[in-house]
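> Sharing query_0.pdb here; it has PDB, C-alpha atoms.
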```
ATOM      1  CA  VAL A   1      84.170 137.355 127.271  1.00  0.00           C
ATOM      2  CA  ALA A   2      81.201 135.864 129.078  1.00  0.00           C
ATOM      3  CA  ARG A   3      82.043 132.448 130.451  1.00  0.00           C
ATOM      4  CA  ASP A   4      78.660 130.907 129.770  1.00  0.00           C
ATOM      5  CA  GLY A   5      77.621 127.475 128.549  1.00  0.00           C
ATOM      6  CA  ALA A   6      78.567 128.228 124.945  1.00  0.00           C
ATOM      7  CA  TRP A   7      82.008 129.440 126.022  1.00  0.00           C
ATOM      8  CA  TYR A   8      82.529 126.296 128.107  1.00  0.00           C
ATOM      9  CA  ARG A   9      81.477 123.976 125.273  1.00  0.00           C
ATOM     10  CA  SER A  10      83.845 125.689 122.842  1.00  0.00           C
ATOM     11  CA  LYS A  11      86.832 125.772 125.201  1.00  0.00           C
ATOM     12  CA  ARG A  12      86.633 122.650 127.365  1.00  0.00           C
ATOM     13  CA  PRO A  13      87.352 119.968 124.702  1.00  0.00           C
ATOM     14  CA  ALA A  14      90.832 121.395 124.098  1.00  0.00           C
ATOM     15  CA  TYR A  15      91.996 120.870 127.701  1.00  0.00           C
ATOM     16  CA  THR A  16      92.759 117.869 129.856  1.00  0.00           C
ATOM     17  CA  ALA A  17      91.051 117.793 133.255  1.00  0.00           C
ATOM     18  CA  ARG A  18      94.298 118.773 134.980  1.00  0.00           C
ATOM     19  CA  ASP A  19      95.006 121.675 132.596  1.00  0.00           C
ATOM     20  CA  TRP A  20      91.434 122.982 132.867  1.00  0.00           C
ATOM     21  CA  ALA A  21      91.513 122.889 136.662  1.00  0.00           C
ATOM     22  CA  SER A  22      94.741 124.866 136.878  1.00  0.00           C
ATOM     23  CA  GLU A  23      93.919 127.309 134.070  1.00  0.00           C
ATOM     24  CA  PHE A  24      90.308 128.217 134.860  1.00  0.00           C
ATOM     25  CA  GLU A  25      89.430 126.877 138.304  1.00  0.00           C
ATOM     26  CA  CYS A  26      92.562 127.935 140.199  1.00  0.00           C
ATOM     27  CA  ASP A  27      93.080 124.325 141.244  1.00  0.00           C
ATOM     28  CA  PHE A  28      96.824 123.919 140.897  1.00  0.00           C
ATOM     29  CA  VAL A  29      97.403 120.196 140.851  1.00  0.00           C
ATOM     30  CA  GLU A  30     100.856 119.057 141.884  1.00  0.00           C
ATOM     31  CA  SER A  31     103.137 118.166 138.995  1.00  0.00           C
ATOM     32  CA  GLY A  32     103.856 114.659 140.349  1.00  0.00           C
ATOM     33  CA  GLY A  33     101.570 111.674 140.679  1.00  0.00           C
ATOM     34  CA  ALA A  34      99.782 109.418 138.217  1.00  0.00           C
ATOM     35  CA  VAL A  35      98.907 111.010 134.875  1.00  0.00           C
ATOM     36  CA  PHE A  36      96.358 108.399 133.785  1.00  0.00           C
ATOM     37  CA  PRO A  37      93.840 107.548 136.539  1.00  0.00           C
ATOM     38  CA  SER A  38      93.119 103.840 136.888  1.00  0.00           C
ATOM     39  CA  GLN A  39      89.477 104.269 135.824  1.00  0.00           C
ATOM     40  CA  LEU A  40      90.645 105.872 132.559  1.00  0.00           C
ATOM     41  CA  CYS A  41      93.080 103.035 131.929  1.00  0.00           C
ATOM     42  CA  GLU A  42      90.290 100.530 132.419  1.00  0.00           C
ATOM     43  CA  LYS A  43      87.831 102.419 130.220  1.00  0.00           C
ATOM     44  CA  VAL A  44      90.064 102.645 127.151  1.00  0.00           C
ATOM     45  CA  ARG A  45      91.222  99.018 127.245  1.00  0.00           C
ATOM     46  CA  ASP A  46      89.272  96.447 125.222  1.00  0.00           C
ATOM     47  CA  HIS A  47      90.568  92.867 125.359  1.00  0.00           C
ATOM     48  CA  ARG A  48      88.975  92.098 121.985  1.00  0.00           C
ATOM     49  CA  LEU A  49      91.287  94.527 120.171  1.00  0.00           C
ATOM     50  CA  PRO A  50      94.743  93.809 118.693  1.00  0.00           C
ATOM     51  CA  ASN A  51      97.737  93.035 120.875  1.00  0.00           C
ATOM     52  CA  GLY A  52     101.359  92.218 120.111  1.00  0.00           C
ATOM     53  CA  ASP A  53     100.428  89.244 117.902  1.00  0.00           C
ATOM     54  CA  PRO A  54     100.381  90.411 114.233  1.00  0.00           C
ATOM     55  CA  ARG A  55      97.594  87.904 113.565  1.00  0.00           C
ATOM     56  CA  THR A  56      95.290  90.099 115.650  1.00  0.00           C
ATOM     57  CA  TRP A  57      96.104  93.331 113.813  1.00  0.00           C
ATOM     58  CA  ILE A  58      93.397  95.113 111.828  1.00  0.00           C
ATOM     59  CA  THR A  59      94.250  96.401 108.366  1.00  0.00           C
ATOM     60  CA  VAL A  60      92.261  99.569 107.724  1.00  0.00           C
ATOM     61  CA  PRO A  61      92.821 102.683 105.606  1.00  0.00           C
ATOM     62  CA  GLY A  62      93.843 106.073 106.967  1.00  0.00           C
ATOM     63  CA  SER A  63      96.139 104.871 109.732  1.00  0.00           C
ATOM     64  CA  VAL A  64      98.910 106.655 111.623  1.00  0.00           C
ATOM     65  CA  THR A  65     101.946 104.820 112.998  1.00  0.00           C
ATOM     66  CA  TYR A  66     104.500 106.112 115.495  1.00  0.00           C
ATOM     67  CA  TRP A  67     107.721 104.388 116.558  1.00  0.00           C
ATOM     68  CA  ASP A  68     109.451 105.000 119.868  1.00  0.00           C
ATOM     69  CA  ILE A  69     113.058 103.972 119.236  1.00  0.00           C
ATOM     70  CA  GLY A  70     115.058 102.264 121.959  1.00  0.00           C
ATOM     71  CA  ALA A  71     117.600  99.985 120.259  1.00  0.00           C
ATOM     72  CA  ARG A  72     120.219  98.659 122.700  1.00  0.00           C
ATOM     73  CA  GLN A  73     119.065 100.182 126.012  1.00  0.00           C
ATOM     74  CA  ASP A  74     115.275 100.514 125.853  1.00  0.00           C
ATOM     75  CA  ALA A  75     112.493  98.681 124.088  1.00  0.00           C
ATOM     76  CA  THR A  76     111.397  99.783 120.624  1.00  0.00           C
ATOM     77  CA  VAL A  77     107.622 100.129 120.245  1.00  0.00           C
ATOM     78  CA  GLY A  78     105.474 100.716 117.171  1.00  0.00           C
ATOM     79  CA  VAL A  79     101.822 101.731 117.552  1.00  0.00           C
ATOM     80  CA  THR A  80      99.360 102.141 114.688  1.00  0.00           C
ATOM     81  CA  VAL A  81      96.020 103.891 115.222  1.00  0.00           C
ATOM     82  CA  ALA A  82      93.032 104.436 112.948  1.00  0.00           C
ATOM     83  CA  LYS A  83      89.428 105.575 113.146  1.00  0.00           C
ATOM     84  CA  VAL A  84      87.206 102.514 113.629  1.00  0.00           C
ATOM     85  CA  ALA A  85      83.510 102.746 114.526  1.00  0.00           C
ATOM     86  CA  GLY A  86      83.893 106.326 115.739  1.00  0.00           C
ATOM     87  CA  LYS A  87      86.899 105.624 117.985  1.00  0.00           C
ATOM     88  CA  LEU A  88      90.636 106.035 117.584  1.00  0.00           C
ATOM     89  CA  VAL A  89      91.692 102.391 117.829  1.00  0.00           C
ATOM     90  CA  VAL A  90      95.142 100.864 118.208  1.00  0.00           C
ATOM     91  CA  VAL A  91      94.963  98.511 115.216  1.00  0.00           C
ATOM     92  CA  ALA A  92      98.576  97.299 115.423  1.00  0.00           C
ATOM     93  CA  PHE A  93     101.000  97.105 118.336  1.00  0.00           C
ATOM     94  CA  ALA A  94     104.488  95.641 118.701  1.00  0.00           C
ATOM     95  CA  ARG A  95     107.117  95.890 121.444  1.00  0.00           C
ATOM     96  CA  TYR A  96     110.667  94.683 120.832  1.00  0.00           C
ATOM     97  CA  GLU A  97     112.741  94.184 123.954  1.00  0.00           C
ATOM     98  CA  ALA A  98     116.226  95.650 124.181  1.00  0.00           C
ATOM     99  CA  PRO A  99     118.753  95.060 122.898  1.00  0.00           C
ATOM    100  CA  THR A 100     117.368  95.130 119.359  1.00  0.00           C
ATOM    101  CA  GLU A 101     119.763  95.412 116.440  1.00  0.00           C
ATOM    102  CA  TRP A 102     119.158  98.172 113.893  1.00  0.00           C
ATOM    103  CA  PRO A 103     118.502  95.780 110.962  1.00  0.00           C
ATOM    104  CA  ALA A 104     115.697  94.129 112.963  1.00  0.00           C
ATOM    105  CA  ILE A 105     114.137  97.532 113.738  1.00  0.00           C
ATOM    106  CA  GLU A 106     114.406  98.593 110.098  1.00  0.00           C
ATOM    107  CA  ARG A 107     112.763  95.342 109.018  1.00  0.00           C
ATOM    108  CA  ALA A 108     109.891  95.785 111.506  1.00  0.00           C
ATOM    109  CA  ILE A 109     109.251  99.345 110.331  1.00  0.00           C
ATOM    110  CA  GLY A 110     109.403  98.301 106.687  1.00  0.00           C
ATOM    111  CA  GLU A 111     106.885  95.522 107.276  1.00  0.00           C
ATOM    112  CA  ARG A 112     104.537  97.950 109.053  1.00  0.00           C
ATOM    113  CA  VAL A 113     104.782 100.429 106.169  1.00  0.00           C
ATOM    114  CA  GLN A 114     103.988  97.644 103.738  1.00  0.00           C
ATOM    115  CA  ARG A 115     100.955  96.491 105.701  1.00  0.00           C
ATOM    116  CA  TYR A 116      99.619 100.031 106.218  1.00  0.00           C
ATOM    117  CA  SER A 117     100.810 101.436 102.909  1.00  0.00           C
ATOM    118  CA  ASP A 118      98.338 104.308 102.685  1.00  0.00           C
ATOM    119  CA  GLY A 119      99.014 105.505 106.240  1.00  0.00           C
ATOM    120  CA  ARG A 120     101.384 108.064 107.716  1.00  0.00           C
ATOM    121  CA  HIS A 121     104.498 106.742 109.455  1.00  0.00           C
ATOM    122  CA  TYR A 122     106.451 108.680 112.072  1.00  0.00           C
ATOM    123  CA  ILE A 123     109.659 107.763 113.864  1.00  0.00           C
ATOM    124  CA  GLU A 124     111.003 109.352 117.026  1.00  0.00           C
ATOM    125  CA  SER A 125     113.875 111.673 116.146  1.00  0.00           C
ATOM    126  CA  ASN A 126     116.100 111.494 119.195  1.00  0.00           C
ATOM    127  CA  GLY A 127     119.648 111.504 117.956  1.00  0.00           C
ATOM    128  CA  ILE A 128     120.246 107.749 117.958  1.00  0.00           C
ATOM    129  CA  GLY A 129     117.268 107.206 115.670  1.00  0.00           C
ATOM    130  CA  ASP A 130     118.158 109.863 113.089  1.00  0.00           C
ATOM    131  CA  PRO A 131     120.482 107.645 110.998  1.00  0.00           C
ATOM    132  CA  LEU A 132     117.703 105.042 110.966  1.00  0.00           C
ATOM    133  CA  ILE A 133     115.234 107.577 109.590  1.00  0.00           C
ATOM    134  CA  SER A 134     117.727 108.609 106.901  1.00  0.00           C
ATOM    135  CA  ARG A 135     118.393 105.031 105.805  1.00  0.00           C
ATOM    136  CA  LEU A 136     114.692 104.186 105.606  1.00  0.00           C
ATOM    137  CA  ALA A 137     113.909 107.363 103.648  1.00  0.00           C
ATOM    138  CA  GLU A 138     116.805 106.695 101.265  1.00  0.00           C
ATOM    139  CA  SER A 139     115.413 103.208 100.645  1.00  0.00           C
ATOM    140  CA  GLY A 140     112.144 104.780  99.506  1.00  0.00           C
ATOM    141  CA  LEU A 141     110.001 104.254 102.581  1.00  0.00           C
ATOM    142  CA  PRO A 142     107.606 107.174 103.330  1.00  0.00           C
ATOM    143  CA  VAL A 143     108.739 107.770 106.916  1.00  0.00           C
ATOM    144  CA  MET A 144     108.909 111.077 108.761  1.00  0.00           C
ATOM    145  CA  GLY A 145     110.875 112.030 111.847  1.00  0.00           C
ATOM    146  CA  PHE A 146     109.266 113.646 114.877  1.00  0.00           C
ATOM    147  CA  LEU A 147     111.663 115.658 117.017  1.00  0.00           C
ATOM    148  CA  VAL A 148     111.213 114.804 120.685  1.00  0.00           C
ATOM    149  CA  THR A 149     111.942 117.670 123.061  1.00  0.00           C
ATOM    150  CA  ALA A 150     110.665 118.408 126.559  1.00  0.00           C
ATOM    151  CA  ARG A 151     107.941 120.558 124.966  1.00  0.00           C
ATOM    152  CA  SER A 152     106.890 118.115 122.255  1.00  0.00           C
ATOM    153  CA  LYS A 153     106.937 115.223 124.727  1.00  0.00           C
ATOM    154  CA  ALA A 154     104.524 117.112 126.988  1.00  0.00           C
ATOM    155  CA  ASP A 155     102.327 117.813 123.949  1.00  0.00           C
ATOM    156  CA  ILE A 156     102.005 114.194 122.884  1.00  0.00           C
ATOM    157  CA  ILE A 157     101.364 112.950 126.431  1.00  0.00           C
ATOM    158  CA  ARG A 158      98.649 115.586 126.727  1.00  0.00           C
ATOM    159  CA  ALA A 159      97.132 114.362 123.440  1.00  0.00           C
ATOM    160  CA  LEU A 160      96.947 110.800 124.769  1.00  0.00           C
ATOM    161  CA  LEU A 161      95.415 111.903 128.045  1.00  0.00           C
ATOM    162  CA  LEU A 162      92.876 114.086 126.240  1.00  0.00           C
ATOM    163  CA  ALA A 163      91.851 111.215 123.959  1.00  0.00           C
ATOM    164  CA  CYS A 164      91.300 109.015 127.022  1.00  0.00           C
ATOM    165  CA  GLU A 165      89.311 111.649 128.921  1.00  0.00           C
ATOM    166  CA  GLN A 166      87.128 112.321 125.883  1.00  0.00           C
ATOM    167  CA  ASP A 167      86.512 108.568 125.465  1.00  0.00           C
ATOM    168  CA  ARG A 168      87.974 108.576 121.952  1.00  0.00           C
ATOM    169  CA  LEU A 169      90.678 105.922 122.391  1.00  0.00           C
ATOM    170  CA  ARG A 170      90.530 102.117 122.529  1.00  0.00           C
ATOM    171  CA  HIS A 171      93.345  99.541 122.647  1.00  0.00           C
ATOM    172  CA  GLY A 172      93.897  95.905 123.571  1.00  0.00           C
ATOM    173  CA  SER A 173      97.540  95.927 124.699  1.00  0.00           C
ATOM    174  CA  SER A 174      98.353  94.640 128.179  1.00  0.00           C
ATOM    175  CA  GLU A 175     101.788  96.301 127.974  1.00  0.00           C
ATOM    176  CA  LEU A 176     100.293  99.713 127.203  1.00  0.00           C
ATOM    177  CA  TYR A 177      97.716  99.269 129.933  1.00  0.00           C
ATOM    178  CA  SER A 178     100.404  98.505 132.534  1.00  0.00           C
ATOM    179  CA  GLU A 179     102.605 101.427 131.493  1.00  0.00           C
ATOM    180  CA  MET A 180      99.710 103.881 131.550  1.00  0.00           C
ATOM    181  CA  LEU A 181      98.818 102.781 135.081  1.00  0.00           C
ATOM    182  CA  ARG A 182     102.380 103.437 136.265  1.00  0.00           C
ATOM    183  CA  TYR A 183     103.112 106.555 134.223  1.00  0.00           C
ATOM    184  CA  GLN A 184     103.835 109.708 136.257  1.00  0.00           C
ATOM    185  CA  ALA A 185     104.587 113.309 135.424  1.00  0.00           C
ATOM    186  CA  ASP A 186     108.128 112.733 136.682  1.00  0.00           C
ATOM    187  CA  ASP A 187     108.918 109.830 134.370  1.00  0.00           C
ATOM    188  CA  THR A 188     112.702 109.801 134.613  1.00  0.00           C
ATOM    189  CA  LYS A 189     112.865 106.400 136.298  1.00  0.00           C
ATOM    190  CA  ILE A 190     109.924 104.507 134.812  1.00  0.00           C
ATOM    191  CA  VAL A 191     109.383 102.409 131.694  1.00  0.00           C
ATOM    192  CA  GLN A 192     107.456 104.514 129.185  1.00  0.00           C
ATOM    193  CA  ASP A 193     108.143 103.142 125.690  1.00  0.00           C
ATOM    194  CA  CYS A 194     104.562 101.997 125.048  1.00  0.00           C
ATOM    195  CA  VAL A 195     103.066 105.200 126.445  1.00  0.00           C
ATOM    196  CA  MET A 196     105.314 107.337 124.242  1.00  0.00           C
ATOM    197  CA  ALA A 197     104.547 105.338 121.095  1.00  0.00           C
ATOM    198  CA  ALA A 198     100.795 105.493 121.728  1.00  0.00           C
ATOM    199  CA  ALA A 199     100.986 109.189 122.598  1.00  0.00           C
ATOM    200  CA  GLY A 200     102.910 109.955 119.421  1.00  0.00           C
ATOM    201  CA  ALA A 201     100.419 108.069 117.265  1.00  0.00           C
ATOM    202  CA  VAL A 202      97.413 109.760 118.864  1.00  0.00           C
ATOM    203  CA  TYR A 203      99.031 113.191 118.603  1.00  0.00           C
ATOM    204  CA  GLN A 204      99.776 112.798 114.900  1.00  0.00           C
ATOM    205  CA  ALA A 205      96.299 111.388 114.227  1.00  0.00           C
ATOM    206  CA  ASP A 206      94.721 114.367 115.983  1.00  0.00           C
ATOM    207  CA  LEU A 207      96.680 117.005 114.080  1.00  0.00           C
ATOM    208  CA  GLY A 208      94.269 118.838 111.832  1.00  0.00           C
ATOM    209  CA  GLY A 209      91.355 117.684 113.964  1.00  0.00           C
ATOM    210  CA  VAL A 210      91.192 118.448 117.658  1.00  0.00           C
ATOM    211  CA  ILE A 211      92.899 121.692 118.664  1.00  0.00           C
ATOM    212  CA  LEU A 212      95.262 120.771 121.463  1.00  0.00           C
ATOM    213  CA  HIS A 213      95.876 123.192 124.331  1.00  0.00           C
ATOM    214  CA  VAL A 214      99.605 123.910 124.701  1.00  0.00           C
TER     215      VAL A 214
END
```
Take the structure from the file and write it as structure tokens.

Amino acid sequence: VARDGAWYRSKRPAYTARDWASEFECDFVESGGAVFPSQLCEKVRDHRLPNGDPRTWITVPGSVTYWDIGARQDATVGVTVAKVAGKLVVVAFARYEAPTEWPAIERAIGERVQRYSDGRHYIESNGIGDPLISRLAESGLPVMGFLVTARSKADIIRALLLACEQDRLRHGSSELYSEMLRYQADDTKIVQDCVMAAAGAVYQADLGGVILHV
């Protein structure tokens, strides 16, 4: 296949800069280091957009919400995204510090479902969160679990990075901004709850749209 301009235009949007460099330019970037360059973090942040205060949230149709569940040890974060003025915008954001009791998490998720009733709602399926998903579904809430594995985690982080590189994402959260600045490929010892929630929301919003390179 000729690698001409048409080939590049059809292929390039599906890859992050790092993936493209290693796959097609033989530039094998080390696996460590910052995932989200500081200039990207600055570009996608808009102070006018919603933050953790529900009074700033934007109620719009066609939203996607993803919850990163932490409960007693890590923070629980819920991020809602929607298409606004041609961008994928974080229209609702909430971070609940650990320890958070299960009834409080269930109540927060239920309130988000009620506010964004026509949207899709996903919850991290990670073992400790599975009983939560079952209880919410049994109560009639339209929630879906998303199984987090090493592979699926890499996929959703790649979706977030791709949305940033393609200038499709905007948010107003200082917590997400700080976590993105610090996030590294080796994330075993860093706080990542906000990054994971945003990545999950972007990934689910992109399904059926952008073809993600895996």
> Pick out the residues sitting within 7 Å of range 187-203 of chain A, and hand them over as a list of chain:residue names; count all atoms listed in the file, and ignore anything fewer than 5 positions along from it in its own chain.
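Once the adjacent positions are removed, what remains is A:Val64, A:Thr65, A:Tyr66, A:Trp67, A:Asp68, A:Ala75, A:Thr76, A:Val77, A:Gly78, A:Val79, A:Thr80, A:Val81, A:Ile156, A:Ile157, A:Ala159, A:Leu160, A:Glu175, A:Leu176, A:Glu179, A:Met180.
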> In Å, how far is it from CA of Asp186 in chain A to CA of Val90 in chain A?
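The value is 25.5 Å.
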> Neighbours of range 99-108 of chain A within 12 Å (all atoms listed in the file; same-chain residues fewer than 4 positions away dropped), as a short mmCIF file (atom, residue, chain, number, x, y, z; two decimals) with C-alpha atoms, keeping the file's coordinate frame?

```
data_model
loop_
_atom_site.label_atom_id
_atom_site.label_comp_id
_atom_site.auth_asym_id
_atom_site.auth_seq_id
_atom_site.Cartn_x
_atom_site.Cartn_y
_atom_site.Cartn_z
CA PRO A 54 100.38 90.41 114.23
CA TRP A 67 107.72 104.39 116.56
CA ASP A 68 109.45 105.00 119.87
CA ILE A 69 113.06 103.97 119.24
CA GLY A 70 115.06 102.26 121.96
CA ALA A 71 117.60 99.98 120.26
CA ARG A 72 120.22 98.66 122.70
CA GLN A 73 119.06 100.18 126.01
CA ASP A 74 115.28 100.51 125.85
CA ALA A 75 112.49 98.68 124.09
CA THR A 76 111.40 99.78 120.62
CA VAL A 77 107.62 100.13 120.24
CA GLY A 78 105.47 100.72 117.17
CA VAL A 79 101.82 101.73 117.55
CA PHE A 93 101.00 97.10 118.34
CA ALA A 94 104.49 95.64 118.70
CA ARG A 95 107.12 95.89 121.44
CA ARG A 112 104.54 97.95 109.05
CA VAL A 113 104.78 100.43 106.17
CA GLN A 114 103.99 97.64 103.74
CA ARG A 115 100.96 96.49 105.70
CA ILE A 123 109.66 107.76 113.86
CA ILE A 128 120.25 107.75 117.96
CA GLY A 129 117.27 107.21 115.67
CA ASP A 130 118.16 109.86 113.09
CA PRO A 131 120.48 107.64 111.00
CA LEU A 132 117.70 105.04 110.97
CA ILE A 133 115.23 107.58 109.59
CA SER A 134 117.73 108.61 106.90
CA ARG A 135 118.39 105.03 105.80
CA LEU A 136 114.69 104.19 105.61
CA ALA A 137 113.91 107.36 103.65
CA SER A 139 115.41 103.21 100.64
CA LEU A 141 110.00 104.25 102.58
CA VAL A 143 108.74 107.77 106.92
#
```
> One decimal, Å: what's the distance from CA of Val89 in chain A over to CA of Gly172 in chain A, could you say?
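Spanning CA of Val89 in chain A to CA of Gly172 in chain A is a straight-line distance of 8.9 Å.
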> Pick the closest to Gly86 in chain A from A:Arg168, A:Asp206, A:Gln184, A:Ala154: which is it, counting only C-alpha atoms?
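Counting only C-alpha atoms, the residue closest to Gly86 in chain A is A:Arg168.
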> Rank A:Ser174, A:Gly145, A:Arg120, A:Leu181 by their smallest atom-to-atom distance to Arg45 in chain A, using only C-alpha atoms, and report the top residue only.
A:Ser174
> For Trp57 in chain A, which residue out of A:Thr149, A:Phe36, A:Ala82, A:Glu165 is the nearest one, using all atoms listed in the file?
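Nearest to Trp57 in chain A: A:Ala82.
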> On this file, the PyMOL selection byres ((chain A and resi 148) around 7) gives some set of residues; write that set as a PyMOL selection string.
chain A and resi 124-126+146-147+149-150+152-153
> In Å, rounded to a single decimal, give me how far CA of Ala98 in chain A is from CA of Leu169 in chain A.
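Taking CA of Leu169 in chain A as the start and CA of Ala98 in chain A as the end point, the length is 27.6 Å.
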> Go through the shown structure with the PyMOL selection byres ((chain A and resi 37) around 10) and write out the matching residues as a PyMOL selection string.
chain A and resi 33-36+38-42+161+164-165+180-183
> Would you pick out the contacts of Val60 in chain A at 9 Å or less, using only C-alpha atoms, so that residues sharing its chain but fewer than 3 positions from it are not included, and give the list as a PDB file with C-alpha atoms, in the coordinates of the input?

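Written out: around_34.pdb:
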```
ATOM      1  CA  SER A  63      96.139 104.871 109.732  1.00  0.00           C
ATOM      2  CA  ALA A  82      93.032 104.436 112.948  1.00  0.00           C
ATOM      3  CA  LYS A  83      89.428 105.575 113.146  1.00  0.00           C
ATOM      4  CA  VAL A  84      87.206 102.514 113.629  1.00  0.00           C
ATOM      5  CA  VAL A  91      94.963  98.511 115.216  1.00  0.00           C
ATOM      6  CA  TYR A 116      99.619 100.031 106.218  1.00  0.00           C
TER       7      TYR A 116
END
```
> Around range 181-193 of chain A, with edges along x, y and z and 8 Å added on all six sides, what centre and edge lengths do you get, in Å to one decimal, as AutoDock Vina command-line options?

```
--center_x 105.8 --center_y 107.9 --center_z 131.2 --size_x 30.0 --size_y 26.9 --size_z 27.0
```
> Using all atoms listed in the file, pick whichever of A:Gly62, A:His47, A:Ser178, A:Tyr96 has the shortest atom-to-atom distance to Gly119 in chain A.
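Going through A:Gly62, A:His47, A:Ser178, A:Tyr96 one by one, the smallest distance to Gly119 in chain A is for A:Gly62.
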> Looking at only C-alpha atoms, which of A:Ala205, A:Ala85, A:Leu162, A:Ala185 is the one that sits closest to Tyr122 in chain A?
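The answer is A:Ala205, which sits nearest to Tyr122 in chain A.
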